[in-house]
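Peer 1: File protein.pdb follows (PDB, C-alpha atoms):
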ATOM      1  CA  MET A 849     -48.606   4.758  -6.219
ATOM      2  CA  LYS A 850     -47.135   1.921  -8.262
ATOM      3  CA  HIS A 851     -44.816   4.342 -10.041
ATOM      4  CA  SER A 852     -43.722   5.814  -6.701
ATOM      5  CA  LYS A 853     -42.931   2.373  -5.316
ATOM      6  CA  ARG A 854     -40.879   1.500  -8.425
ATOM      7  CA  LEU A 855     -38.798   4.692  -8.176
ATOM      8  CA  ALA A 856     -38.194   4.183  -4.445
ATOM      9  CA  THR A 857     -37.105   0.599  -5.087
ATOM     10  CA  ARG A 858     -34.671   1.700  -7.800
ATOM     11  CA  LEU A 859     -33.078   4.252  -5.442
ATOM     12  CA  ARG A 860     -32.761   1.698  -2.664
ATOM     13  CA  ASP A 861     -31.348  -0.844  -5.135
ATOM     14  CA  VAL A 862     -28.394   1.284  -6.199
ATOM     15  CA  VAL A 863     -27.540   2.715  -2.796
ATOM     16  CA  LEU A 864     -28.752   0.399  -0.065
ATOM     17  CA  SER A 865     -29.852  -3.089  -0.837
ATOM     18  CA  GLY A 866     -30.137  -4.088  -4.465
ATOM     19  CA  PHE A 867     -27.967  -6.400  -6.435
ATOM     20  CA  TRP A 868     -28.564  -4.838  -9.824
ATOM     21  CA  VAL A 869     -26.546  -6.167 -12.779
ATOM     22  CA  ALA A 870     -23.237  -5.735 -10.947
ATOM     23  CA  GLY A 871     -24.459  -7.874  -8.065
ATOM     24  CA  THR A 872     -23.814  -5.146  -5.531
ATOM     25  CA  ASN A 873     -24.826  -1.658  -4.352
ATOM     26  CA  CYS A 874     -23.113   1.382  -2.835
ATOM     27  CA  LYS A 875     -23.562   0.215   0.747
ATOM     28  CA  LYS A 876     -22.043  -3.189   0.049
ATOM     29  CA  LEU A 877     -19.271  -1.661  -2.072
ATOM     30  CA  LEU A 878     -18.284   0.791   0.682
ATOM     31  CA  SER A 879     -18.759  -1.607   3.606
ATOM     32  CA  ASN A 880     -15.126  -2.699   3.714
ATOM     33  CA  VAL A 881     -13.486   0.566   2.652
ATOM     34  CA  THR A 882     -11.375   2.057   5.439
ATOM     35  CA  TRP A 883     -11.130   5.790   5.993
ATOM     36  CA  LYS A 884      -7.554   5.683   4.748
ATOM     37  CA  GLN A 885      -8.678   4.035   1.507
ATOM     38  CA  ALA A 886     -11.647   6.412   1.230
ATOM     39  CA  THR A 887      -9.324   9.417   1.390
ATOM     40  CA  GLN A 888      -6.506   7.972  -0.704
ATOM     41  CA  ASN A 889      -5.664   9.892  -3.858
ATOM     42  CA  VAL A 890      -5.361   7.846  -7.022
ATOM     43  CA  LYS A 891      -3.773   9.867  -9.793
ATOM     44  CA  SER A 892      -5.982  12.913 -10.410
ATOM     45  CA  LEU A 893      -9.262  11.123  -9.632
ATOM     46  CA  ASN A 894     -11.674  12.158  -6.925
ATOM     47  CA  THR A 895     -11.378  10.163  -3.716
ATOM     48  CA  ILE A 896     -13.980   7.626  -2.671
ATOM     49  CA  ALA A 897     -14.885   9.872   0.275
ATOM     50  CA  LEU A 898     -15.392  12.883  -1.973
ATOM     51  CA  LEU A 899     -17.621  10.933  -4.352
ATOM     52  CA  THR A 900     -19.605   9.550  -1.411
ATOM     53  CA  PHE A 901     -20.108  13.086  -0.113
ATOM     54  CA  HIS A 902     -21.121  14.242  -3.597
ATOM     55  CA  ILE A 903     -23.784  11.536  -3.961
ATOM     56  CA  ASN A 904     -25.166  12.323  -0.522
ATOM     57  CA  TYR A 905     -25.134  16.073  -1.209
ATOM     58  CA  TYR A 906     -27.677  15.706  -4.002
ATOM     59  CA  ILE A 907     -29.785  13.109  -2.211
ATOM     60  CA  ALA A 908     -29.984  15.336   0.885
ATOM     61  CA  GLY A 909     -30.808  18.386  -1.234
ATOM     62  CA  VAL A 910     -33.685  16.696  -3.035
ATOM     63  CA  LEU A 911     -34.844  15.143   0.240
ATOM     64  CA  ASN A 912     -35.132  18.635   1.698
ATOM     65  CA  VAL A 913     -37.619  19.553  -1.046
ATOM     66  CA  PHE A 914     -39.640  16.369  -0.532
ATOM     67  CA  GLU A 915     -39.817  17.161   3.191
ATOM     68  CA  GLY A 916     -41.255  20.624   2.490
ATOM     69  CA  GLY A 917     -38.073  22.704   2.420
ATOM     70  CA  ASN A 918     -36.389  24.700  -0.297
ATOM     71  CA  LEU A 919     -33.921  23.527  -2.904
ATOM     72  CA  GLU A 920     -30.779  24.853  -1.234
ATOM     73  CA  ILE A 921     -28.093  22.826  -2.974
ATOM     74  CA  ARG A 922     -25.855  24.316  -5.652
ATOM     75  CA  ASP A 923     -23.613  22.492  -8.080
ATOM     76  CA  ALA A 924     -20.737  24.792  -7.114
ATOM     77  CA  TYR A 925     -20.737  23.325  -3.582
ATOM     78  CA  SER A 926     -21.345  19.672  -4.411
ATOM     79  CA  PHE A 927     -17.680  18.753  -3.901
ATOM     80  CA  ASP A 928     -17.104  20.921  -0.810
ATOM     81  CA  ALA A 929     -16.723  17.959   1.502
ATOM     82  CA  PRO A 930     -15.415  18.226   5.031
ATOM     83  CA  GLN A 931     -12.120  16.486   5.639
ATOM     84  CA  ILE A 932     -12.298  12.863   6.692
ATOM     85  CA  LEU A 933      -9.694  12.585   9.459
ATOM     86  CA  SER A 934     -10.730   9.363  11.156
ATOM     87  CA  GLU A 935     -12.653   6.141  10.777
ATOM     88  CA  ARG A 936     -15.491   7.795  12.738
ATOM     89  CA  ASP A 937     -15.696  10.624  10.169
ATOM     90  CA  TRP A 938     -15.873   8.074   7.358
ATOM     91  CA  VAL A 939     -18.530   5.960   9.106
ATOM     92  CA  ASN A 940     -20.581   9.089   9.793
ATOM     93  CA  LEU A 941     -20.429  10.138   6.127
ATOM     94  CA  CYS A 942     -21.569   6.692   5.000
ATOM     95  CA  ASN A 943     -24.322   6.588   7.632
ATOM     96  CA  ASP A 944     -25.568   9.996   6.453
ATOM     97  CA  LEU A 945     -25.829   8.598   2.926
ATOM     98  CA  TRP A 946     -27.723   5.485   4.081
ATOM     99  CA  THR A 947     -30.096   7.504   6.275
ATOM    100  CA  ASN A 948     -30.792  10.194   3.680
ATOM    101  CA  THR A 949     -31.340   7.604   0.970
ATOM    102  CA  GLU A 950     -33.859   5.689   3.064
ATOM    103  CA  ARG A 951     -35.651   8.910   4.039
ATOM    104  CA  LEU A 952     -35.835  10.005   0.383
ATOM    105  CA  ALA A 953     -37.051   6.544  -0.689
ATOM    106  CA  ASN A 954     -39.782   6.738   1.965
ATOM    107  CA  CYS A 955     -40.826  10.169   0.682
ATOM    108  CA  ILE A 956     -40.859   8.888  -2.894
ATOM    109  CA  GLU A 957     -43.108   5.979  -1.889
ATOM    110  CA  GLN A 958     -45.597   8.420  -0.357
ATOM    111  CA  THR A 959     -45.711  10.622  -3.453
ATOM    112  CA  PRO A 960     -48.960  10.344  -5.417
ATOM    113  CA  ASP A 961     -48.455   9.287  -9.032
ATOM    114  CA  GLU A 962     -49.986  12.525 -10.332
ATOM    115  CA  GLN A 963     -47.151  14.499  -8.663
ATOM    116  CA  TRP A 964     -44.441  13.007 -10.886
ATOM    117  CA  HIS A 965     -45.262  15.171 -13.896
ATOM    118  CA  LYS A 966     -45.504  18.411 -11.906
ATOM    119  CA  THR A 967     -42.726  21.008 -11.911
ATOM    120  CA  PHE A 968     -39.934  20.367  -9.428
ATOM    121  CA  VAL A 969     -39.326  23.705  -7.644
ATOM    122  CA  ASP A 970     -38.796  25.682 -10.877
ATOM    123  CA  GLU A 971     -39.481  24.863 -14.536
ATOM    124  CA  LYS A 972     -35.751  24.936 -15.302
ATOM    125  CA  TYR A 973     -35.384  21.781 -13.171
ATOM    126  CA  GLY A 974     -38.057  19.831 -15.015
ATOM    127  CA  ASN A 975     -40.523  17.623 -13.200
ATOM    128  CA  TYR A 976     -40.359  15.417 -10.126
ATOM    129  CA  GLN A 977     -39.876  12.238 -12.144
ATOM    130  CA  ARG A 978     -36.930  13.671 -14.066
ATOM    131  CA  ASN A 979     -35.243  14.700 -10.825
ATOM    132  CA  ILE A 980     -35.608  11.333  -9.113
ATOM    133  CA  GLU A 981     -34.516   9.454 -12.215
ATOM    134  CA  GLY A 982     -31.576  11.872 -12.428
ATOM    135  CA  ILE A 983     -30.632  11.130  -8.805
ATOM    136  CA  ILE A 984     -30.735   7.389  -9.500
ATOM    137  CA  GLU A 985     -28.619   7.734 -12.660
ATOM    138  CA  HIS A 986     -26.221  10.015 -10.789
ATOM    139  CA  CYS A 987     -25.800   7.334  -8.118
ATOM    140  CA  TYR A 988     -25.050   4.655 -10.724
ATOM    141  CA  TYR A 989     -22.535   6.899 -12.474
ATOM    142  CA  HIS A 990     -20.539   7.630  -9.329
ATOM    143  CA  PHE A 991     -21.019   4.057  -8.073
ATOM    144  CA  GLY A 992     -19.069   2.970 -11.147
ATOM    145  CA  GLN A 993     -16.318   5.484 -10.429
ATOM    146  CA  ILE A 994     -16.063   4.399  -6.804
ATOM    147  CA  SER A 995     -15.907   0.757  -7.873
ATOM    148  CA  LEU A 996     -12.995   1.418 -10.230
ATOM    149  CA  ILE A 997     -11.116   3.596  -7.745
ATOM    150  CA  LYS A 998     -11.548   0.945  -5.063
ATOM    151  CA  LYS A 999     -10.118  -1.692  -7.408
ATOM    152  CA  MET A1000      -7.150   0.575  -8.175
ATOM    153  CA  ILE A1001      -6.475   1.102  -4.467
ATOM    154  CA  ILE A1002      -6.704  -2.601  -3.686
ATOM    155  CA  GLN A1003      -4.397  -3.396  -6.620
ATOM    156  CA  THR A1004      -1.858  -0.842  -5.371
ATOM    157  CA  GLU A1005      -2.018  -2.355  -1.874
ATOM    158  CA  THR A1006      -1.578  -5.854  -3.281
ATOM    159  CA  ASP A1007       1.356  -4.836  -5.494
ATOM    160  CA  GLY A1008       3.079  -3.154  -2.870
TER     161      GLY A1008
END
Is it possible to give me this structure as structure tokens?
Peer 2:
Amino acid sequence: MKHSKRLATRLRDVVLSGFWVAGTNCKKLLSNVTWKQATQNVKSLNTIALLTFHINYYIAGVLNVFEGGNLEIRDAYSFDAPQILSERDWVNLCNDLWTNTERLANCIEQTPDEQWHKTFVDEKYGNYQRNIEGIIEHCYYHFGQISLIKKMIIQTETDG
């Protein structure tokens, strides 16, 4: 179970509680983003809200498999986010991400080490380890995008 604990810790680090190299995590980064900022368009980039939805979409989809369900997510729908029309909508989206991440991390911790090299749903998806490492890398990738977009929004607000 040592491998399982390490993977769960890495997921929590990027999303919930770690201070990785950047000294922050998604939860800390998003903690002071308002719903207006989260939905603000910056050039042709995705919004912070859309990227937050996208991260959660994949975490929730993989969580469903770990909890005994089917793999129901599809790349084609991973950016089909509901509109964020209020602070409550934004808080709910963030809370869904925190809750799903913690639930997935708990499932990962309970996964026996011998499971990690078994096929994840279908051979075309590789094994369990590849999928969890992919989720973690996916979170870091979009975390970086969100960080830059947030800086651009704050700079725009400061300038004017």
Peer 1: Please expand the PyMOL selection byres ((chain A and resi 959-976) around 10) into the concrete residues it hits in this file, giving the result as a PyMOL selection string.
Peer 2: chain A and resi 849-853+856+910+913-914+918-919+953-958+977-982
Peer 1: Quick one: everything within 9 Å of Ala897 in chain A, counting only C-alpha atoms, minus sequence neighbours fewer than 3 positions away in the same chain. Send it as a ChimeraX atom specification.
Peer 2: /A:883,885-888,894,900-902,929,931-932,938,941-942
Peer 1: Got time to write the residues from that selection, C-alpha atoms, as an mmCIF file, keeping the file's coordinate frame?
Peer 2:
data_model
loop_
_atom_site.group_PDB
_atom_site.id
_atom_site.type_symbol
_atom_site.label_atom_id
_atom_site.label_comp_id
_atom_site.auth_asym_id
_atom_site.auth_seq_id
_atom_site.Cartn_x
_atom_site.Cartn_y
_atom_site.Cartn_z
ATOM 1 C CA TRP A 883 -11.130 5.790 5.993
ATOM 2 C CA GLN A 885 -8.678 4.035 1.507
ATOM 3 C CA ALA A 886 -11.647 6.412 1.230
ATOM 4 C CA THR A 887 -9.324 9.417 1.390
ATOM 5 C CA GLN A 888 -6.506 7.972 -0.704
ATOM 6 C CA ASN A 894 -11.674 12.158 -6.925
ATOM 7 C CA THR A 900 -19.605 9.550 -1.411
ATOM 8 C CA PHE A 901 -20.108 13.086 -0.113
ATOM 9 C CA HIS A 902 -21.121 14.242 -3.597
ATOM 10 C CA ALA A 929 -16.723 17.959 1.502
ATOM 11 C CA GLN A 931 -12.120 16.486 5.639
ATOM 12 C CA ILE A 932 -12.298 12.863 6.692
ATOM 13 C CA TRP A 938 -15.873 8.074 7.358
ATOM 14 C CA LEU A 941 -20.429 10.138 6.127
ATOM 15 C CA CYS A 942 -21.569 6.692 5.000
#
Peer 1: Please indicate the distance in Å from CA of Ile921 in chain A to CA of Arg951 in chain A, rounded to one decimal place.
Peer 2: 17.3 Å
Peer 1: When the PyMOL selection byres ((chain A and resi 987) around 12) is applied to the structure above, which residues does it catch, written out as a ChimeraX atom specification?
Peer 2: /A:858-864,873-875,899-907,945,949,980-986,988-995
Peer 1: Which one of A:Ile1001, A:Gly917, A:Asn912, A:Asn943 sits closest to Val881 in chain A if you count only C-alpha atoms?
Peer 2: A:Ile1001
